[in-house]
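Worksheet: one structure, shown below.
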2 protein chains.
Amino acid sequence: MEQSSLGLIGLAVMGENLALNIERHGFSVSVYNRTAERTRQLVEGRARGKRIRPTYDIREFVESLERPRRIFLMVQAGRPVDEVLAQLRPHLAAGDIVMDGGNSFFKDTDRRSAELAEAGIQYFGVGVSGGEAGALNGPCIMPGGPREAYPLIEPILTSIAAQTPDGPCCAYIGPRSAGHYVKMVHNGCEYAIMQLIAEAYDLLRSACRLSVPQLAELFAEWNRGELNSYLIEITAKVLERVDEETGQPLVDLILDQAGQKGTGKWTSQDALDLGVVIPNIDAALWGRNISALKGERVAAAKLLTGPDLPAEALDSGFVATMREALYAGMVISYAQAMALLRTASREYAYDLDLAEIARIWKGGCIIRARLLDLIQAAFRRDPSLANLLVAPECAAILARTQASLRRAVQAAVGLGIPVPGLGAALAYFDSYRRERLPVNLIQAQRDFFGAHTYQRIDRPGTFHTEWE
Amino acid sequence: MEQSSLGLIGLAVMGENLALNIERHGFSVSVYNRTAERTRQLVEGRARGKRIRPTYDIREFVESLERPRRIFLMVQAGRPVDEVLAQLRPHLAAGDIVMDGGNSFFKDTDRRSAELAEAGIQYFGVGVSGGEAGALNGPCIMPGGPREAYPLIEPILTSIAAQTPDGPCCAYIGPRSAGHYVKMVHNGCEYAIMQLIAEAYDLLRSACRLSVPQLAELFAEWNRGELNSYLIEITAKVLERVDEETGQPLVDLILDQAGQKGTGKWTSQDALDLGVVIPNIDAALWGRNISALKGERVAAAKLLTGPDLPAEALDSGFVATMREALYAGMVISYAQAMALLRTASREYAYDLDLAEIARIWKGGCIIRARLLDLIQAAFRRDPSLANLLVAPECAAILARTQASLRRAVQAAVGLGIPVPGLGAALAYFDSYRRERLPVNLIQAQRDFFGAHTYQRIDRPGTFHTEWE
């Protein structure tokens with residue numbers, strides 16, 4: 001029997017779709033899953049007649065592959081990855097390539113890379129974004145690992161990735177965990193933008209009294225302009241959806257309790273370790289976490305009153321204000337994500353190409369957006385750009401839109417509608433552009449009670465004052 | 001030679017002051033320091049004529065102590081603690097007690113507790129707050145460790161702690177790392193309140209055009225009312241201070257770049273692990289971290305313009321608004337800290353007594369404040385209180401002050417002055433009291449692209465929609 005070009009382990013929906021995508025692009029695929037049943041379902045169902053070869057034991061799986069073997073893991077992040085690697089390892093030879101396509105924690109990827117490198121195995125942490133549909137039709141792929149081995153996987157990865165006029169949405173990201181790190185930050189940015197969209201929806205619904213069908217139309221219209229992006233597009237589609245049984249907008253029937261998986265949380269935690277400021281990702285995380293306290297919120301709503309919502313809807317000009325506020329918030333969120341990548345690139349020696357990352361994010365992934373053209377251009381022109389906000393394109397957007405961002409936040413604050421994301425975006429913008437922050441007072445306090453010392457603006461050195 | 005009641009290792013300023021405090025309360029103390037020079041300086045200087053016995057090697061140190069030995073470590077958190085423990089261990093016997101009085105990461109304390117327990121050594125993680133002055137004159141002490149051993153250290157700890165009409169500022173906190181955890185959250189709360197004070201100072205200075213002497217007077221006045229607290233008190237003293245050389249207010253000459261040590265960061269990182277929402281601590285951390293980008297800020301200030309500050313100062317009524325806004329922000333910050341302790345108590349099986357923690361925080365520590373009387377009363381009455389915000393005392397304060405908090409945030413937003421702390425407080429308050437958050441939209445989006453499923457408000461179960 002002919003050997004397969006590639007092997008794939010883990011046939012949950014992402015893995016199955018990825019296998020079908022790979023096969024469609026002319027590569028034969030051996031598949032293996034922990035439970036044989038799932039493998040059988042695939043080959044007797046969606047994979048019937050395709051060059052997808054079922055295997056039912058790890059050894060058979062590995063031996064069915066061309067050498068050097070190329071193996072894609074699509075198993076749950078965490079312990080399952082280590083378990084599969086432990087099973088695989090005795091059957092692998094030096095030069096074989098293993099790609100982890102899950103959302104593994106980047107420090108796990110560093111550890112696994114180092115462990116497998118001892119046996120000469122080339123390990124890649126591969127960020128894959130695009131959800132189920134992306135996996136099948138073309139995801140954004142962020143591979144990180146040994147550069148010298150990349151040519152062995154590049155033809156497959158670039159052919160299965162989303163394609164844009166600006167090339168395939170796949171590029172070599174950097175060594176070790178670079179690919180998983182960039183995917184993690186992508187997900188953090190996704191959280192931030194979803195939070196901003198939710199706040200815009202809330203304000204337009206609560207304060208402007210737009211109906212769900214009106215909102216659906218509005219988001220669809222916004223998607224034709226500078227806000228054009230996958231998340232705005234699906235927001236319109238979500239809002240359009242009517243529940244068949246009740247005839248009500250489906251969104252109105254969905255419980256307001258969101259979960260959060262590892263990547264968003266890890267982004268905030270690692271940013272804290274690096275001292276990088278990403279308040280929009282932080283806000284998105286806490287927006288989800290506080291939503292989980294549904295019972296407490298229902299009880300608190302009776303005890304803690306706030307301003308009444310106005311009897312009249314806000315004037316219709318507020319809709320345009322909201323559009324600009326959302327755009328400003330999105331630009332500021334991307335600025336934070338790119339600033340985190342910039343510092344991580346230095347701290348972890350990833351040597352990231354931020355323009356190239358913006359380019360591959362333009363297709364396939366969840367945060368694809370027209371705005372990424374500007375971001376790509378800004379980092380292409382100046383790879384050492386300190387912060388996206390000071391790129392001329394973005395500075396101009398913020399000069400134009402910041403008044404709307406301020407008005408939106410002021411309105412929400414007055415109405416008692418929480419806007420942690422919009423508020424964080426504005427606080428970040430106003431902090432970043434402030435030559436002098438009131439942190440001199442904090443330094444004085446710290447020196448007062450803890451002798452932490454301080455610096456002065458009028459001369460070099462380190463100073464301590466006996467304040468009492 | 002008579003054996004000492006207690007031994008203390010580590011004679012930096014906190015350790016030295018603590019040794020003097022202990023001796024002053026009638027206990028003899030053996031001291032040891034890595035460098036002998038420091039020990040000599042102490043016994044020939046501040047400890048002259050006192051029952052403080054210098055020792056110059058670990059064995060001599062341990063043998064100079066009554067059994068079971070009671071040993072206080074006042075060394076830098078991290079590796080130094082492990083190094084000292086490794087040196088001590090061969091000389092210790094079962095039943096001896098070791099107390100780590102530094103700001104150790106709580107998971108390190110758990111690990112050390114377990115390791116030392118194997119040798120029968122009773123390990124305590126002891127939070128000590130109050131800075132240098134507190135260590136000497138009476139700190140707040142938060143000891144966590146094996147309850148059965150606590151009576152052996154209680155008389156010393158309670159006598160050296162700050163004393164209030166409501167008892168000494170020391171109480172058994174809980175097992176293992178409970179003491180260090182509570183100290184960590186104390187420090188996070190300290191960060192949050194310092195950030196709020198800095199924002200109030202900034203707004204009053206930038207928008208109300210108050211001079212530094214006027215601000216000093218104002219904070220001193222505020223300290224006589226409901227804002228009464230150590231941090232407000234020292235803010236007044238900081239603002240009073242005039243630089244001798246230039247004749248200018250010293251605060252104006254201090255560089256606006258703040259550092260942050262481990263405890264604040266760990267608080268936010270652990271809250272993320274626990275899914276607890278503490279946006280005021282998060283905001284304080286990023287407020288400090290963004291201050292560190294001084295060079296970038298100076299450059300950005302020229303490129304990113306915002307609203308002009310008004311030619312006229314805000315009307316004088318804004319001063320009272322600011323006072324109420326700050327009070328509201330403080331209440332909300334404590335609510336977040338207590339909510340984190342509540343969840344940590346459950347997750348880590350600390351069995352914390354939140355009323356007792358509020359009681360001991362009333363003296364000695366950096367976040368001591370009149371407000372803690374209310375917090376103590378609220379948790380005394382209802383130990384299972386879900387959130388401080390819904391306690392009648394606090395709900396009443398927020399009913400009265402929230403309009404000022406809204407006005408302060410709106411003013412800052414309009415003026416382009418960043419208020420991440422005040423904004424976070426309001427967003428938290430408005431989120432917590434909101435029966436329905438717009439997170440239903442986020443759930444729909446997640447189900448759209450990732451098949452994450454959702455729940456409905458009108459029936460039980462887990463649902464997935466084919467959205468396309």
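Chain labels run A, B, ... following the order of the structure tokens; each chain numbers its residues from 1, and ligands are numbered from 1 in the order shown.
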
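Residues with any atom within 6 Å of range 222-230 of chain B, counting only C-alpha atoms and excluding same-chain neighbours fewer than 3 positions away, are Phe219, Glu233, Arg368, Ala369 and Arg370 of chain B.
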
File dump, residues just selected, N, CA, C and O atoms, as a tab-separated table (two decimals), in the first residue's frame:
chain	number	residue	atom	x	y	z
B	219	PHE	N	-6.58	66.77	50.91
B	219	PHE	CA	-6.46	65.37	51.32
B	219	PHE	C	-6.44	65.26	52.85
B	219	PHE	O	-6.98	64.30	53.41
B	233	GLU	N	-3.98	59.66	54.30
B	233	GLU	CA	-3.14	60.42	55.25
B	233	GLU	C	-1.75	60.68	54.67
B	233	GLU	O	-1.25	61.80	54.70
B	368	ARG	N	-5.26	50.11	55.88
B	368	ARG	CA	-6.16	50.39	57.01
B	368	ARG	C	-6.99	51.64	56.67
B	368	ARG	O	-6.48	52.60	56.09
B	369	ALA	N	-8.26	51.57	57.01
B	369	ALA	CA	-9.21	52.61	56.61
B	369	ALA	C	-10.45	52.50	57.47
B	369	ALA	O	-10.82	51.41	57.90
B	370	ARG	N	-11.07	53.63	57.70
B	370	ARG	CA	-12.30	53.64	58.50
B	370	ARG	C	-13.36	52.74	57.88
B	370	ARG	O	-14.13	52.08	58.57

Counting only C-alpha atoms, a student should be able to say which residues of chain B come within 6 Å of chain A; what is the right answer, written as a PyMOL selection string? chain B and resi 131+198+202+253-256+258+269+275+277+286+289+297-298+300-301+304+406+410+413+416+418+420+427+430-435+437-440+443+449-450+455-457

Take the residues from that selection and put them in a file with N, CA and C atoms, as a compact mmCIF listing (two decimals), in the first residue's frame.
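Saved to out-v1.txt:
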# COMPACT_ATOMS: atom_id res chain seq x y z
N GLY B 131 4.97 48.20 56.24
CA GLY B 131 6.24 48.83 55.85
C GLY B 131 7.20 48.86 57.02
N ALA B 198 -4.35 58.43 42.89
CA ALA B 198 -3.56 59.13 41.87
C ALA B 198 -4.48 59.78 40.82
N ASP B 202 -4.85 63.69 39.99
CA ASP B 202 -4.64 64.15 38.62
C ASP B 202 -5.80 65.02 38.15
N LEU B 253 8.57 66.90 41.35
CA LEU B 253 9.92 66.61 40.85
C LEU B 253 10.16 65.12 40.71
N ILE B 254 9.18 64.33 41.10
CA ILE B 254 9.36 62.87 41.06
C ILE B 254 8.95 62.34 39.69
N LEU B 255 9.77 61.46 39.17
CA LEU B 255 9.50 60.88 37.85
C LEU B 255 8.26 59.99 37.91
N ASP B 256 7.42 60.10 36.89
CA ASP B 256 6.16 59.35 36.84
C ASP B 256 6.35 57.98 36.21
N ALA B 258 6.38 54.05 37.71
CA ALA B 258 6.25 53.23 38.91
C ALA B 258 6.64 51.79 38.64
N GLN B 269 -3.13 37.52 38.31
CA GLN B 269 -2.96 36.24 37.63
C GLN B 269 -3.76 35.14 38.30
N GLY B 275 -11.18 32.73 37.97
CA GLY B 275 -12.34 33.33 37.31
C GLY B 275 -12.99 34.43 38.11
N VAL B 277 -13.35 38.42 39.30
CA VAL B 277 -13.25 39.68 38.59
C VAL B 277 -12.70 40.77 39.53
N TRP B 286 -1.91 47.88 35.24
CA TRP B 286 -1.56 48.41 33.92
C TRP B 286 -1.26 49.91 33.99
N ASN B 289 2.31 49.77 34.72
CA ASN B 289 3.10 49.26 33.60
C ASN B 289 3.18 50.26 32.44
N ARG B 297 5.64 57.44 25.72
CA ARG B 297 4.56 58.40 26.03
C ARG B 297 4.95 59.82 25.61
N VAL B 298 6.17 60.17 25.89
CA VAL B 298 6.63 61.51 25.52
C VAL B 298 6.53 61.68 24.00
N ALA B 300 4.55 59.90 21.96
CA ALA B 300 3.15 59.80 21.53
C ALA B 300 2.39 61.09 21.83
N ALA B 301 2.79 61.76 22.89
CA ALA B 301 2.07 62.99 23.28
C ALA B 301 2.10 64.02 22.15
N LEU B 304 -0.40 62.21 19.15
CA LEU B 304 -1.80 61.86 19.41
C LEU B 304 -2.43 62.95 20.26
N ARG B 406 -20.05 58.68 38.43
CA ARG B 406 -20.37 58.85 37.00
C ARG B 406 -19.91 60.20 36.50
N GLN B 410 -17.18 60.83 33.58
CA GLN B 410 -17.59 61.57 32.38
C GLN B 410 -16.69 62.79 32.16
N VAL B 413 -13.23 61.62 30.95
CA VAL B 413 -13.34 61.13 29.57
C VAL B 413 -13.42 62.31 28.59
N GLY B 416 -9.99 64.05 28.38
CA GLY B 416 -8.84 63.29 27.89
C GLY B 416 -7.88 62.88 28.99
N PRO B 418 -6.85 60.13 31.62
CA PRO B 418 -7.16 58.71 31.82
C PRO B 418 -7.55 58.40 33.26
N PRO B 420 -8.35 54.90 34.47
CA PRO B 420 -8.61 53.46 34.38
C PRO B 420 -9.21 52.88 35.65
N ALA B 427 -17.54 50.33 35.87
CA ALA B 427 -17.91 49.23 34.97
C ALA B 427 -18.22 47.96 35.78
N ASP B 430 -21.64 48.58 37.53
CA ASP B 430 -22.76 48.50 36.58
C ASP B 430 -22.93 47.10 35.99
N SER B 431 -21.83 46.34 35.90
CA SER B 431 -21.95 44.95 35.42
C SER B 431 -22.57 44.06 36.49
N TYR B 432 -22.12 44.26 37.73
CA TYR B 432 -22.57 43.37 38.80
C TYR B 432 -24.06 43.53 39.07
N ARG B 433 -24.55 44.76 38.87
CA ARG B 433 -25.96 45.00 39.17
C ARG B 433 -26.84 44.84 37.92
N ARG B 434 -26.31 44.24 36.88
CA ARG B 434 -27.06 44.09 35.63
C ARG B 434 -27.58 42.67 35.50
N GLU B 435 -28.88 42.58 35.48
CA GLU B 435 -29.49 41.26 35.38
C GLU B 435 -29.12 40.60 34.06
N LEU B 437 -26.63 40.93 30.82
CA LEU B 437 -25.48 41.51 30.12
C LEU B 437 -25.53 41.08 28.65
N PRO B 438 -24.82 41.81 27.78
CA PRO B 438 -24.92 41.48 26.35
C PRO B 438 -24.10 40.26 25.94
N VAL B 439 -23.84 39.41 26.92
CA VAL B 439 -22.98 38.26 26.70
C VAL B 439 -23.72 37.16 25.94
N ASN B 440 -25.04 37.29 25.84
CA ASN B 440 -25.78 36.38 24.96
C ASN B 440 -25.26 36.49 23.52
N GLN B 443 -22.05 34.58 23.30
CA GLN B 443 -22.30 33.13 23.24
C GLN B 443 -22.74 32.71 21.84
N PHE B 449 -18.85 30.37 15.29
CA PHE B 449 -17.57 30.01 14.66
C PHE B 449 -16.90 28.80 15.29
N GLY B 450 -17.29 28.45 16.52
CA GLY B 450 -16.56 27.37 17.16
C GLY B 450 -17.43 26.26 17.72
N GLN B 455 -26.66 28.06 26.26
CA GLN B 455 -27.88 27.72 26.99
C GLN B 455 -28.96 28.74 26.64
N ARG B 456 -30.18 28.36 26.92
CA ARG B 456 -31.30 29.27 26.64
C ARG B 456 -31.92 29.75 27.93
N ILE B 457 -32.63 30.88 27.83
CA ILE B 457 -33.28 31.40 29.03
C ILE B 457 -34.65 30.77 29.24

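Atom pair CA of Val31 in chain B / CA of Gln3 in chain B has a distance of 12.2 Å (rounded to one decimal).
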
Do you know which residues are at most 6 Å from range 74-78 of chain B counting only C-alpha atoms, after dropping those on the same chain fewer than 5 positions away, and could you put them as a list in words? Ile9, Gly10, Gly15, Gly101, Gly102, Asn103 and Ser104 of chain B

Would you kindly return, as a list in words, each protein, DNA or RNA residue with an atom no farther than 7 Å from any atom of Phe72 in chain A, considering only C-alpha atoms and excluding same-chain residues fewer than 6 positions away? Gly7, Leu8, Ile9, Val98, Met99, Asp100 and Gly101 of chain A

Closest of B:Ala408, B:Leu422, B:Glu44, B:Ala207 to Val331 in chain B, counting only C-alpha atoms, is B:Leu422

Looking only at helix (DSSP H, G or I) from DSSP on the backbone, list the matching residues of range 45-99 of chain B as JSON, numbers by chain. {"B": [58, 59, 60, 61, 62, 63, 79, 80, 81, 82, 83, 84, 85, 86, 87, 88, 89, 90, 91]}

Pick from B:Ala216, B:Ile121, B:Ala192, B:Ala358, whichever lies nearest to Ile332 in chain B using only C-alpha atoms: B:Ala192

Skip Ser30 in chain A itself and residues of its chain fewer than 3 positions away, then list as a PyMOL selection string all residues within 7 Å of it, counting only C-alpha atoms. chain A and resi 4+6-8+52-55+61+64

File dump, residues just selected, all heavy atoms, as a PDB file, in the first residue's frame:
ATOM      1  N   SER A   4       1.163   7.369   3.078  1.00  0.00           N
ATOM      2  CA  SER A   4       0.467   8.665   3.048  1.00  0.00           C
ATOM      3  C   SER A   4       1.460   9.820   3.194  1.00  0.00           C
ATOM      4  O   SER A   4       2.509   9.679   3.820  1.00  0.00           O
ATOM      5  CB  SER A   4      -0.551   8.741   4.184  1.00  0.00           C
ATOM      6  OG  SER A   4      -1.497   7.705   4.075  1.00  0.00           O
ATOM      7  N   LEU A   6       0.867  12.485   4.835  1.00  0.00           N
ATOM      8  CA  LEU A   6       0.749  13.117   6.140  1.00  0.00           C
ATOM      9  C   LEU A   6      -0.151  12.283   7.037  1.00  0.00           C
ATOM     10  O   LEU A   6      -1.045  11.578   6.545  1.00  0.00           O
ATOM     11  CB  LEU A   6       0.145  14.522   5.938  1.00  0.00           C
ATOM     12  CG  LEU A   6       0.024  15.427   7.138  1.00  0.00           C
ATOM     13  CD1 LEU A   6       0.495  16.836   6.779  1.00  0.00           C
ATOM     14  CD2 LEU A   6      -1.404  15.503   7.629  1.00  0.00           C
ATOM     15  N   GLY A   7       0.100  12.346   8.328  1.00  0.00           N
ATOM     16  CA  GLY A   7      -0.773  11.668   9.276  1.00  0.00           C
ATOM     17  C   GLY A   7      -1.454  12.672  10.174  1.00  0.00           C
ATOM     18  O   GLY A   7      -0.885  13.723  10.475  1.00  0.00           O
ATOM     19  N   LEU A   8      -2.669  12.345  10.583  1.00  0.00           N
ATOM     20  CA  LEU A   8      -3.399  13.262  11.471  1.00  0.00           C
ATOM     21  C   LEU A   8      -4.031  12.463  12.608  1.00  0.00           C
ATOM     22  O   LEU A   8      -4.707  11.462  12.377  1.00  0.00           O
ATOM     23  CB  LEU A   8      -4.471  14.026  10.676  1.00  0.00           C
ATOM     24  CG  LEU A   8      -5.185  15.155  11.415  1.00  0.00           C
ATOM     25  CD1 LEU A   8      -5.508  16.304  10.459  1.00  0.00           C
ATOM     26  CD2 LEU A   8      -6.439  14.665  12.096  1.00  0.00           C
ATOM     27  N   ILE A  52      -8.054   9.072   2.285  1.00  0.00           N
ATOM     28  CA  ILE A  52      -7.926   9.159   3.736  1.00  0.00           C
ATOM     29  C   ILE A  52      -7.903   7.733   4.276  1.00  0.00           C
ATOM     30  O   ILE A  52      -8.871   6.987   4.120  1.00  0.00           O
ATOM     31  CB  ILE A  52      -9.072   9.990   4.348  1.00  0.00           C
ATOM     32  CG1 ILE A  52      -8.898  11.449   3.915  1.00  0.00           C
ATOM     33  CG2 ILE A  52      -9.089   9.851   5.867  1.00  0.00           C
ATOM     34  CD1 ILE A  52      -9.922  12.409   4.471  1.00  0.00           C
ATOM     35  N   ARG A  53      -6.815   7.364   4.869  1.00  0.00           N
ATOM     36  CA  ARG A  53      -6.589   5.970   5.250  1.00  0.00           C
ATOM     37  C   ARG A  53      -6.769   5.792   6.750  1.00  0.00           C
ATOM     38  O   ARG A  53      -6.075   6.440   7.542  1.00  0.00           O
ATOM     39  CB  ARG A  53      -5.154   5.620   4.861  1.00  0.00           C
ATOM     40  CG  ARG A  53      -4.648   4.285   5.333  1.00  0.00           C
ATOM     41  CD  ARG A  53      -3.292   4.087   4.695  1.00  0.00           C
ATOM     42  NE  ARG A  53      -2.583   2.949   5.212  1.00  0.00           N
ATOM     43  CZ  ARG A  53      -1.403   2.549   4.737  1.00  0.00           C
ATOM     44  NH1 ARG A  53      -0.816   3.211   3.744  1.00  0.00           N
ATOM     45  NH2 ARG A  53      -0.798   1.498   5.246  1.00  0.00           N
ATOM     46  N   PRO A  54      -7.703   4.965   7.153  1.00  0.00           N
ATOM     47  CA  PRO A  54      -7.917   4.763   8.595  1.00  0.00           C
ATOM     48  C   PRO A  54      -6.825   3.862   9.170  1.00  0.00           C
ATOM     49  O   PRO A  54      -6.394   2.910   8.517  1.00  0.00           O
ATOM     50  CB  PRO A  54      -9.265   4.046   8.636  1.00  0.00           C
ATOM     51  CG  PRO A  54      -9.322   3.291   7.355  1.00  0.00           C
ATOM     52  CD  PRO A  54      -8.575   4.105   6.328  1.00  0.00           C
ATOM     53  N   THR A  55      -6.384   4.165  10.358  1.00  0.00           N
ATOM     54  CA  THR A  55      -5.481   3.257  11.072  1.00  0.00           C
ATOM     55  C   THR A  55      -6.027   3.116  12.484  1.00  0.00           C
ATOM     56  O   THR A  55      -6.697   4.018  12.995  1.00  0.00           O
ATOM     57  CB  THR A  55      -4.030   3.784  11.132  1.00  0.00           C
ATOM     58  OG1 THR A  55      -4.019   4.980  11.917  1.00  0.00           O
ATOM     59  CG2 THR A  55      -3.473   4.077   9.742  1.00  0.00           C
ATOM     60  N   PHE A  61      -0.293   3.398  12.261  1.00  0.00           N
ATOM     61  CA  PHE A  61      -0.430   4.790  11.805  1.00  0.00           C
ATOM     62  C   PHE A  61       0.928   5.325  11.344  1.00  0.00           C
ATOM     63  O   PHE A  61       1.075   5.810  10.221  1.00  0.00           O
ATOM     64  CB  PHE A  61      -1.002   5.633  12.950  1.00  0.00           C
ATOM     65  CG  PHE A  61      -0.937   7.122  12.732  1.00  0.00           C
ATOM     66  CD1 PHE A  61      -1.869   7.762  11.921  1.00  0.00           C
ATOM     67  CD2 PHE A  61       0.044   7.887  13.351  1.00  0.00           C
ATOM     68  CE1 PHE A  61      -1.812   9.139  11.722  1.00  0.00           C
ATOM     69  CE2 PHE A  61       0.102   9.262  13.165  1.00  0.00           C
ATOM     70  CZ  PHE A  61      -0.826   9.892  12.353  1.00  0.00           C
ATOM     71  N   SER A  64       2.452   3.847   8.246  1.00  0.00           N
ATOM     72  CA  SER A  64       1.725   4.126   6.997  1.00  0.00           C
ATOM     73  C   SER A  64       2.184   5.431   6.336  1.00  0.00           C
ATOM     74  O   SER A  64       1.665   5.823   5.300  1.00  0.00           O
ATOM     75  CB  SER A  64       0.227   4.192   7.273  1.00  0.00           C
ATOM     76  OG  SER A  64      -0.105   5.418   7.904  1.00  0.00           O
TER      77      SER A  64
END

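The shell of residues at most 9 Å from Leu354 in chain A, with only C-alpha atoms counted and near chain neighbours (fewer than 5 positions) removed, consists of Met338, Leu341, Arg342, Arg359, Ile375, Gln376, Phe379, Arg380 and Pro383 of chain A.
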
In Å, with one decimal, what is the gap from CA of His25 in chain B to CA of Ile156 in chain B? 8.0 Å
